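Trainee: Can you read through this structure? Questions will come right after.
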Amino acid sequence: MKRIILTGGGTAGHVTPNIALIPRLKELGYEIQYIGSYTGIEKTLIEEMGIAYHGISSGKLRRYFDLKNFTDPFRVIKGYREARKILKTVKPDVVFSKGGFVAVPVVLAAKHCHIPVIIHESDMTPGLANKLAIPFATKVCCNFPETLACLPQEKAVLTGSPIRQELKNGSRSAGLRLCGFTADKPVLMVIGGSLGSANINHAIREILPELLQTFQVVHLCGKEKLDPALEHTPGYVQFEYVEQELADLFALADIVVSRAGANAICELLELRKPALLIPLGTSASRGDQILNAESFRKQGFCEVLPEENLTGRLLLETIRGLYQSRLAYIRAMETSDLNNAIEQITGLIESVR
């Protein structure tokens with residue numbers, strides 16, 4: 001029996017690519033177990049899939065002053081000891097890490113147990129957790145051609161990001177029924193991230209009358225960000241969030257307005273959805289979304305509108321231009337090297353074990 005340990009956590013972005021790999025790993029005959037934090041989002045997501053889950057202690061390594069900086073290193077040491085014990089019991093052939101601080105002690109323990117490690121870095125430049133883990137990895141997968149220059153040449157592999165295959169199986173007709181839309185008018189889908197974006201929501205609603213002249217609009221606006229005044233507006237439907245229906249909404253969408261999180265834009269790439277990306281600015285992040293979006297723009301996959309330039313009028317003009325040029329964006333995505341990430345990554349897993 002082939003065995004693999006998956007690890008990664010802290011945010012959904014450190015878990016969903018692992019989830020995307022699980023069906024293919026099962027097809028290849030792997031027994032799969034997962035190491036995450038005691039109470040992180042990964043615990044719920046993985047246990048719902050019936051995968052054996054091991055919680056370990058986790059500490060965050062910060063670049064800024066915080067009193068927890070004095071205690072968290074001890075949590076990391078404890079996590080390393082716990083991970084090493086789990087690895088010695090499970091005896092996996094390989095460890096696959098999606099990152100996040102819970103993965104650092106797991107990768108270190110795997111190296112000391114002489115177990116091959118493959119790391120996946122989603123963003124343009126490695127985050128601190130992966131920077132610490134990369135020296136102990138056998139291979140490092142990445143999403144962007146520019147990232148290769150940030151990684152050891154002998155370890156770096158450009159794969160793209162694995163996405164959940166069920167997203168590719170949506171039904172346009174089911175999406176039309178869900179939204180109450182007609183089949184003879186194009187659909188714009190707006191996604192502000194899991195928590196939504198107040199700035200994007202405001203800008204979209206500001207130009208909604210003009211948008212509805214050309215498009216039907218499905219708006220995933222985030223928790224507690226619905227606008228009751230817009231309920232029952234013909235051609236417009238809003239959701240706080242969706243789960244099972246997301247594949248049908250993607251199948252329905254002709255173009256998309258989105259944030260530029262790495263996993264989100266890789267989903268748009270694989271689904272061949274021309275997008276206008278509005279990356280999270282440096283005031284609210286380390287700037288990785290800006291770099292992600294610019295890379296995709298250079299590759300011809302999307303348009304980019306910086307958040308500091310976001311106005312209703314410019315947003316409307318850019319959406320109209322995106323729709324008019326949508327076939328060119330689709331052709332660029334179809335010829336990209338960043339396709340079939342699941343097969344590339346599972347091929348690497350098979351090769352190093």
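Quick note on naming: the chains in the structure tokens go A, B, ... in the order shown, residues restart at 1 in each chain, and ligands are numbered from 1 in order of appearance.
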Give me the residues within 7 Å of region 34-46 of chain A as a list in words, counting only C-alpha atoms and dropping any in the same chain fewer than 5 places off.
Mentor: Ile5, Leu6, Thr7, Gly8, Gly9, Gly10, Thr11, Ala12, Val15, Ile51, Ala52, Tyr53, His54, Gly55, Ile56, Ser57, Ser58 and Val102 of chain A
Trainee: Kindly export the residues of the current selection with C-alpha atoms, as a PDB file, in the first residue's frame.
Mentor:
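As a result, part_31.pdb now contains:
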ATOM      1  CA  ILE A   5       0.759  12.542   4.172  1.00  0.00           C
ATOM      2  CA  LEU A   6      -0.802  15.826   3.062  1.00  0.00           C
ATOM      3  CA  THR A   7      -0.244  18.954   5.134  1.00  0.00           C
ATOM      4  CA  GLY A   8      -1.106  22.629   5.009  1.00  0.00           C
ATOM      5  CA  GLY A   9      -3.480  24.932   6.805  1.00  0.00           C
ATOM      6  CA  GLY A  10      -4.389  28.232   8.323  1.00  0.00           C
ATOM      7  CA  THR A  11      -6.542  29.407   5.404  1.00  0.00           C
ATOM      8  CA  ALA A  12      -8.732  27.637   2.854  1.00  0.00           C
ATOM      9  CA  VAL A  15      -6.197  23.298   2.000  1.00  0.00           C
ATOM     10  CA  ILE A  51      -9.605  11.351   5.628  1.00  0.00           C
ATOM     11  CA  ALA A  52      -7.648  10.400   8.753  1.00  0.00           C
ATOM     12  CA  TYR A  53      -6.618  13.649  10.425  1.00  0.00           C
ATOM     13  CA  HIS A  54      -3.800  14.338  12.899  1.00  0.00           C
ATOM     14  CA  GLY A  55      -3.650  17.636  14.765  1.00  0.00           C
ATOM     15  CA  ILE A  56      -0.343  19.090  15.925  1.00  0.00           C
ATOM     16  CA  SER A  57       0.758  22.219  17.764  1.00  0.00           C
ATOM     17  CA  SER A  58       1.338  25.188  15.498  1.00  0.00           C
ATOM     18  CA  VAL A 102       1.477  24.218  10.473  1.00  0.00           C
TER      19      VAL A 102
END
Trainee: Excluding region 290-302 of chain A and residues on its chain fewer than 4 positions from it, collect all residues at most 7 Å away from it, counting only C-alpha atoms, and give them as a PyMOL selection string.
Mentor: chain A and resi 123-124+260+262+274-277+279-281+329+332-333
Trainee: Can you list, as JSON, numbers by chain, every protein, DNA or RNA residue that comes within 9 Å of Leu87 (chain A) when you count only C-alpha atoms, leaving out same-chain residues fewer than 6 positions away?
Mentor: {"A": [5, 106, 109, 110, 113, 115]}
Trainee: Keeping only C-alpha atoms, write the selected residues as an mmCIF file, in the first residue's frame.
Mentor:
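Result file selection.cif:
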data_model
loop_
_atom_site.group_PDB
_atom_site.id
_atom_site.type_symbol
_atom_site.label_atom_id
_atom_site.label_comp_id
_atom_site.auth_asym_id
_atom_site.auth_seq_id
_atom_site.Cartn_x
_atom_site.Cartn_y
_atom_site.Cartn_z
ATOM 1 C CA ILE A 5 0.759 12.542 4.172
ATOM 2 C CA VAL A 106 5.879 18.548 9.300
ATOM 3 C CA ALA A 109 10.215 16.163 10.576
ATOM 4 C CA ALA A 110 9.855 14.445 7.190
ATOM 5 C CA CYS A 113 12.846 10.861 8.831
ATOM 6 C CA ILE A 115 10.848 10.998 3.675
#
Trainee: Taking the backbone alone, and naming residues the way the document does, which bits of region 46-247 of chain A are strand (DSSP E or B) by DSSP, as a ChimeraX atom specification?
Mentor: /A:52-56,94-97,117-121,139-142,156-158,187-191,216-220,236-239
Trainee: Can you spit out the residues from that selection as an mmCIF file, in the first residue's frame, using N, CA and C atoms?
Mentor:
data_model
loop_
_atom_site.group_PDB
_atom_site.id
_atom_site.type_symbol
_atom_site.label_atom_id
_atom_site.label_comp_id
_atom_site.auth_asym_id
_atom_site.auth_seq_id
_atom_site.Cartn_x
_atom_site.Cartn_y
_atom_site.Cartn_z
ATOM 1 N N ALA A 52 -8.229 10.430 7.407
ATOM 2 C CA ALA A 52 -7.648 10.400 8.753
ATOM 3 C C ALA A 52 -6.875 11.687 9.011
ATOM 4 N N TYR A 53 -7.172 12.323 10.130
ATOM 5 C CA TYR A 53 -6.618 13.649 10.425
ATOM 6 C C TYR A 53 -5.837 13.615 11.730
ATOM 7 N N HIS A 54 -4.641 14.226 11.710
ATOM 8 C CA HIS A 54 -3.800 14.338 12.899
ATOM 9 C C HIS A 54 -3.556 15.816 13.187
ATOM 10 N N GLY A 55 -3.917 16.259 14.372
ATOM 11 C CA GLY A 55 -3.650 17.636 14.765
ATOM 12 C C GLY A 55 -2.324 17.750 15.495
ATOM 13 N N ILE A 56 -1.590 18.833 15.212
ATOM 14 C CA ILE A 56 -0.343 19.090 15.925
ATOM 15 C C ILE A 56 -0.321 20.544 16.385
ATOM 16 N N VAL A 94 5.770 9.573 0.967
ATOM 17 C CA VAL A 94 6.024 10.947 0.552
ATOM 18 C C VAL A 94 5.124 11.882 1.360
ATOM 19 N N VAL A 95 5.578 13.118 1.540
ATOM 20 C CA VAL A 95 4.777 14.172 2.158
ATOM 21 C C VAL A 95 4.562 15.266 1.118
ATOM 22 N N PHE A 96 3.306 15.727 0.999
ATOM 23 C CA PHE A 96 3.002 16.846 0.107
ATOM 24 C C PHE A 96 2.500 17.998 0.956
ATOM 25 N N SER A 97 3.165 19.150 0.853
ATOM 26 C CA SER A 97 2.855 20.310 1.688
ATOM 27 C C SER A 97 2.340 21.466 0.860
ATOM 28 N N VAL A 117 9.804 15.135 0.311
ATOM 29 C CA VAL A 117 8.798 16.182 0.503
ATOM 30 C C VAL A 117 8.632 16.974 -0.792
ATOM 31 N N ILE A 118 7.389 17.157 -1.195
ATOM 32 C CA ILE A 118 7.069 18.053 -2.300
ATOM 33 C C ILE A 118 6.255 19.209 -1.733
ATOM 34 N N ILE A 119 6.670 20.428 -2.066
ATOM 35 C CA ILE A 119 6.005 21.638 -1.599
ATOM 36 C C ILE A 119 5.315 22.307 -2.785
ATOM 37 N N HIS A 120 4.170 22.916 -2.518
ATOM 38 C CA HIS A 120 3.518 23.743 -3.537
ATOM 39 C C HIS A 120 3.420 25.168 -3.036
ATOM 40 N N GLU A 121 3.916 26.107 -3.829
ATOM 41 C CA GLU A 121 3.826 27.532 -3.526
ATOM 42 C C GLU A 121 2.839 28.179 -4.489
ATOM 43 N N LYS A 139 11.183 18.618 -4.174
ATOM 44 C CA LYS A 139 10.712 19.407 -5.305
ATOM 45 C C LYS A 139 9.790 20.515 -4.797
ATOM 46 N N VAL A 140 9.758 21.634 -5.542
ATOM 47 C CA VAL A 140 8.885 22.753 -5.190
ATOM 48 C C VAL A 140 8.069 23.122 -6.426
ATOM 49 N N CYS A 141 6.755 22.945 -6.336
ATOM 50 C CA CYS A 141 5.856 23.287 -7.428
ATOM 51 C C CYS A 141 5.425 24.746 -7.304
ATOM 52 N N CYS A 142 5.133 25.377 -8.440
ATOM 53 C CA CYS A 142 4.701 26.775 -8.393
ATOM 54 C C CYS A 142 3.705 27.065 -9.502
ATOM 55 N N ALA A 156 12.752 23.380 -8.649
ATOM 56 C CA ALA A 156 11.577 24.125 -9.109
ATOM 57 C C ALA A 156 10.882 23.439 -10.277
ATOM 58 N N VAL A 157 9.539 23.357 -10.191
ATOM 59 C CA VAL A 157 8.723 22.788 -11.266
ATOM 60 C C VAL A 157 7.483 23.661 -11.436
ATOM 61 N N LEU A 158 7.252 24.135 -12.650
ATOM 62 C CA LEU A 158 6.073 24.944 -12.952
ATOM 63 C C LEU A 158 4.904 24.009 -13.240
ATOM 64 N N VAL A 187 -23.709 36.673 -19.151
ATOM 65 C CA VAL A 187 -23.713 36.699 -17.686
ATOM 66 C C VAL A 187 -22.350 37.151 -17.171
ATOM 67 N N LEU A 188 -22.377 38.142 -16.302
ATOM 68 C CA LEU A 188 -21.193 38.605 -15.576
ATOM 69 C C LEU A 188 -21.256 38.056 -14.161
ATOM 70 N N MET A 189 -20.180 37.421 -13.734
ATOM 71 C CA MET A 189 -20.091 36.883 -12.380
ATOM 72 C C MET A 189 -19.089 37.730 -11.603
ATOM 73 N N VAL A 190 -19.469 38.144 -10.386
ATOM 74 C CA VAL A 190 -18.621 38.989 -9.548
ATOM 75 C C VAL A 190 -18.308 38.223 -8.266
ATOM 76 N N ILE A 191 -17.000 38.066 -7.978
ATOM 77 C CA ILE A 191 -16.564 37.324 -6.789
ATOM 78 C C ILE A 191 -15.592 38.205 -6.025
ATOM 79 N N GLN A 216 -26.560 40.041 -17.565
ATOM 80 C CA GLN A 216 -27.175 39.574 -16.338
ATOM 81 C C GLN A 216 -26.032 39.407 -15.341
ATOM 82 N N VAL A 217 -26.268 39.706 -14.076
ATOM 83 C CA VAL A 217 -25.183 39.766 -13.099
ATOM 84 C C VAL A 217 -25.477 38.839 -11.930
ATOM 85 N N VAL A 218 -24.544 37.912 -11.673
ATOM 86 C CA VAL A 218 -24.600 37.100 -10.464
ATOM 87 C C VAL A 218 -23.468 37.558 -9.557
ATOM 88 N N HIS A 219 -23.807 37.939 -8.341
ATOM 89 C CA HIS A 219 -22.892 38.654 -7.458
ATOM 90 C C HIS A 219 -22.704 37.862 -6.165
ATOM 91 N N LEU A 220 -21.504 37.310 -5.970
ATOM 92 C CA LEU A 220 -21.144 36.658 -4.713
ATOM 93 C C LEU A 220 -20.500 37.725 -3.840
ATOM 94 N N TYR A 236 -30.459 40.529 -11.950
ATOM 95 C CA TYR A 236 -29.410 40.601 -10.925
ATOM 96 C C TYR A 236 -29.777 39.675 -9.779
ATOM 97 N N VAL A 237 -28.810 38.858 -9.351
ATOM 98 C CA VAL A 237 -29.021 38.003 -8.196
ATOM 99 C C VAL A 237 -27.776 38.055 -7.335
ATOM 100 N N GLN A 238 -27.952 38.111 -6.021
ATOM 101 C CA GLN A 238 -26.825 38.200 -5.099
ATOM 102 C C GLN A 238 -26.888 37.068 -4.087
ATOM 103 N N PHE A 239 -25.698 36.555 -3.747
ATOM 104 C CA PHE A 239 -25.551 35.519 -2.735
ATOM 105 C C PHE A 239 -24.454 35.961 -1.772
#
Trainee: When distances are computed from only C-alpha atoms, which of A:Glu303, A:Asp288, A:Glu267, A:Glu31 shows the smallest separation from Ser325 (chain A)?
Mentor: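 Checking each of A:Glu303, A:Asp288, A:Glu267, A:Glu31 against Ser325 (chain A), counting only C-alpha atoms, the winner is A:Glu303.
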Trainee: So which residues touch Thr214 (chain A) within 12 Å, counting only C-alpha atoms, skipping near sequence neighbours fewer than 6 positions away, as an MDAnalysis selection string?
Mentor: chainID A and resid 184:188 207:208 235:236 316 319:320 323:324
Trainee: Suppose you want the space between CA of Ala229 (chain A) and CA of Gln244 (chain A); what is it in Å?
Mentor: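 Straight-line distance from CA of Ala229 (chain A) to CA of Gln244 (chain A) works out to 26.3 Å.
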Trainee: One decimal, Å: what's the distance from CA of Ala183 (chain A) over to CA of Lys223 (chain A), could you say?
Mentor: 28.5 Å
Trainee: For the alpha helix (DSSP H) assignment from backbone DSSP, which residues of region 196-261 of chain A qualify? Please present them as a PyMOL selection string.
Mentor: chain A and resi 198-206+208-214+246-252
Trainee: Tell me, as a ChimeraX atom specification, which residues lie within 12 Å of Leu132 (chain A), counting only C-alpha atoms; anything in the same chain fewer than 3 positions away does not count.
Mentor: /A:61,99-108,119,126-129,135-137
Trainee: Have a look at A:Pro306, A:Asp227, A:Leu25, A:His114 and name the one nearest to Arg84 (chain A); count only C-alpha atoms.
Mentor: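 With only C-alpha atoms as the atom set, the closest residue is A:His114.
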Trainee: What is the CA of Ile255 (chain A) to CA of Arg331 (chain A) distance in Å?
Mentor: 14.0 Å
Trainee: Have a look at A:Leu269, A:Val90, A:Leu212, A:Leu252 and name the one nearest to Glu334 (chain A); count only C-alpha atoms.
Mentor: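 Nearest to Glu334 (chain A): A:Leu269.
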Trainee: Sorted by chain and rising residue number, list the residues of region 203-304 of chain A at most 6 Å from region 163-178 of chain A (counting only C-alpha atoms), each with its closest atom pair and distance in Å to one decimal, as a Markdown table.
Mentor:
| residue | atom | partner | partner_atom | distance |
| --- | --- | --- | --- | --- |
| A:Ala247 | CA | A:Gly170 | CA | 4.3 |
| A:Asp248 | CA | A:Gly170 | CA | 4.1 |
| A:Leu249 | CA | A:Gly175 | CA | 5.2 |
| A:Ala251 | CA | A:Arg172 | CA | 4.9 |
| A:Leu252 | CA | A:Arg172 | CA | 4.6 |
